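Quick notes on the structure that follows.
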Amino acid sequence: MAVLKVIEVLASSEISWEDATQKAVAQASKSLKHIRSVYVNEQSATVKDGKVSEYRVNLKLTFEIE
């Protein structure tokens with residue numbers, strides 16, 4: 001039987017929400033093993049001079065505890 005844990009992670013990107021998600025998973029995988037899934041809980045962006053300057057995501061990562 002597997003035991004899973006869910007944590008909340010915040011990340012940002014100047015490119016896209018998808019890129020922010022990829023960065024969050026890549027960074028989390030450096031210290032967490034067996035990441036099973038990611039759920040994008042919330043998306044937001046900052047605007048500067050009438051253009052989106054930063055994309056932000058609030059994620060829930062699910063991983064298996066050994």
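In the structure tokens, chains take letters A, B, ... by order of appearance, with residues numbered from 1 within each chain and ligands from 1 in the order shown.
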message: Please extract the residues of chain A with a backbone DSSP assignment of helix (DSSP H, G or I) and present them as a count of residues only.
response: 12
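Around segment 17-21 of chain A, within 9 Å and counting only C-alpha atoms, the residues found are Leu10, Ala11, Ser12, Ser13, Val25, Ala26, Val38, Val40, Gln43, Ser44, Ala45, Glu54, Tyr55, Arg56, Val57, Asn58 and Leu59 of chain A, once anything fewer than 4 positions away on its own chain is removed.
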Give me a file of those residues, with N, CA and C atoms, as a PDB file, in the first residue's frame.
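Result file is out-v2.pdb:
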ATOM      1  N   LEU A  10       4.432  27.224  -4.844  1.00  0.00           N
ATOM      2  CA  LEU A  10       4.216  28.424  -5.653  1.00  0.00           C
ATOM      3  C   LEU A  10       5.393  28.581  -6.607  1.00  0.00           C
ATOM      4  N   ALA A  11       5.100  29.004  -7.847  1.00  0.00           N
ATOM      5  CA  ALA A  11       6.172  29.224  -8.823  1.00  0.00           C
ATOM      6  C   ALA A  11       5.768  30.327  -9.776  1.00  0.00           C
ATOM      7  N   SER A  12       6.772  30.890 -10.447  1.00  0.00           N
ATOM      8  CA  SER A  12       6.490  31.955 -11.411  1.00  0.00           C
ATOM      9  C   SER A  12       7.383  31.812 -12.635  1.00  0.00           C
ATOM     10  N   SER A  13       6.960  32.466 -13.713  1.00  0.00           N
ATOM     11  CA  SER A  13       7.709  32.447 -14.962  1.00  0.00           C
ATOM     12  C   SER A  13       7.389  33.706 -15.745  1.00  0.00           C
ATOM     13  N   VAL A  25       7.745  21.785 -10.793  1.00  0.00           N
ATOM     14  CA  VAL A  25       7.949  20.329 -10.732  1.00  0.00           C
ATOM     15  C   VAL A  25       9.441  20.001 -10.786  1.00  0.00           C
ATOM     16  N   ALA A  26      10.186  20.668 -11.655  1.00  0.00           N
ATOM     17  CA  ALA A  26      11.624  20.411 -11.769  1.00  0.00           C
ATOM     18  C   ALA A  26      12.347  20.730 -10.460  1.00  0.00           C
ATOM     19  N   VAL A  38       0.411  16.612 -10.370  1.00  0.00           N
ATOM     20  CA  VAL A  38       0.408  18.032 -10.042  1.00  0.00           C
ATOM     21  C   VAL A  38      -0.978  18.567 -10.399  1.00  0.00           C
ATOM     22  N   VAL A  40      -2.981  22.163 -10.711  1.00  0.00           N
ATOM     23  CA  VAL A  40      -2.870  23.619 -10.726  1.00  0.00           C
ATOM     24  C   VAL A  40      -4.085  24.175 -10.002  1.00  0.00           C
ATOM     25  N   GLN A  43      -4.104  30.231 -10.859  1.00  0.00           N
ATOM     26  CA  GLN A  43      -3.212  30.930 -11.775  1.00  0.00           C
ATOM     27  C   GLN A  43      -3.435  32.434 -11.605  1.00  0.00           C
ATOM     28  N   SER A  44      -2.346  33.188 -11.688  1.00  0.00           N
ATOM     29  CA  SER A  44      -2.463  34.644 -11.655  1.00  0.00           C
ATOM     30  C   SER A  44      -1.312  35.220 -12.464  1.00  0.00           C
ATOM     31  N   ALA A  45      -1.379  36.518 -12.697  1.00  0.00           N
ATOM     32  CA  ALA A  45      -0.317  37.176 -13.460  1.00  0.00           C
ATOM     33  C   ALA A  45      -0.164  38.598 -12.968  1.00  0.00           C
ATOM     34  N   GLU A  54       4.616  38.631 -15.595  1.00  0.00           N
ATOM     35  CA  GLU A  54       4.964  37.414 -14.854  1.00  0.00           C
ATOM     36  C   GLU A  54       3.723  36.552 -14.662  1.00  0.00           C
ATOM     37  N   TYR A  55       3.883  35.269 -14.922  1.00  0.00           N
ATOM     38  CA  TYR A  55       2.822  34.291 -14.721  1.00  0.00           C
ATOM     39  C   TYR A  55       3.099  33.550 -13.420  1.00  0.00           C
ATOM     40  N   ARG A  56       2.065  33.371 -12.606  1.00  0.00           N
ATOM     41  CA  ARG A  56       2.229  32.693 -11.316  1.00  0.00           C
ATOM     42  C   ARG A  56       1.246  31.537 -11.194  1.00  0.00           C
ATOM     43  N   VAL A  57       1.724  30.455 -10.584  1.00  0.00           N
ATOM     44  CA  VAL A  57       0.862  29.297 -10.336  1.00  0.00           C
ATOM     45  C   VAL A  57       0.976  28.870  -8.885  1.00  0.00           C
ATOM     46  N   ASN A  58      -0.117  28.387  -8.365  1.00  0.00           N
ATOM     47  CA  ASN A  58      -0.190  27.786  -7.044  1.00  0.00           C
ATOM     48  C   ASN A  58      -0.554  26.329  -7.309  1.00  0.00           C
ATOM     49  N   LEU A  59       0.339  25.410  -6.981  1.00  0.00           N
ATOM     50  CA  LEU A  59       0.190  23.992  -7.318  1.00  0.00           C
ATOM     51  C   LEU A  59       0.051  23.128  -6.084  1.00  0.00           C
TER      52      LEU A  59
END
query: Which is closer to Ser53 of chain A than all the others in A:Glu66, A:Ser16, A:Ile35, A:Asn41, using only C-alpha atoms?
result: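 Answer, going by the shortest atom-to-atom distance: A:Ser16.
Closest approach to Val9 of chain A among A:Glu64, A:Val52, A:Glu42, A:Arg36: A:Glu42, based on only C-alpha atoms.
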task: For each of A:Ala24, A:Ile7, A:Met1, A:Leu32, take the minimum atom-to-atom distance to Thr62 of chain A, counting only C-alpha atoms, then give the residue where this is smallest.
output: A:Ile7
query: Quick one: distance from atom CA of Tyr39 of chain A to atom CA of Gln27 of chain A in Å, one decimal?
result: 15.7 Å
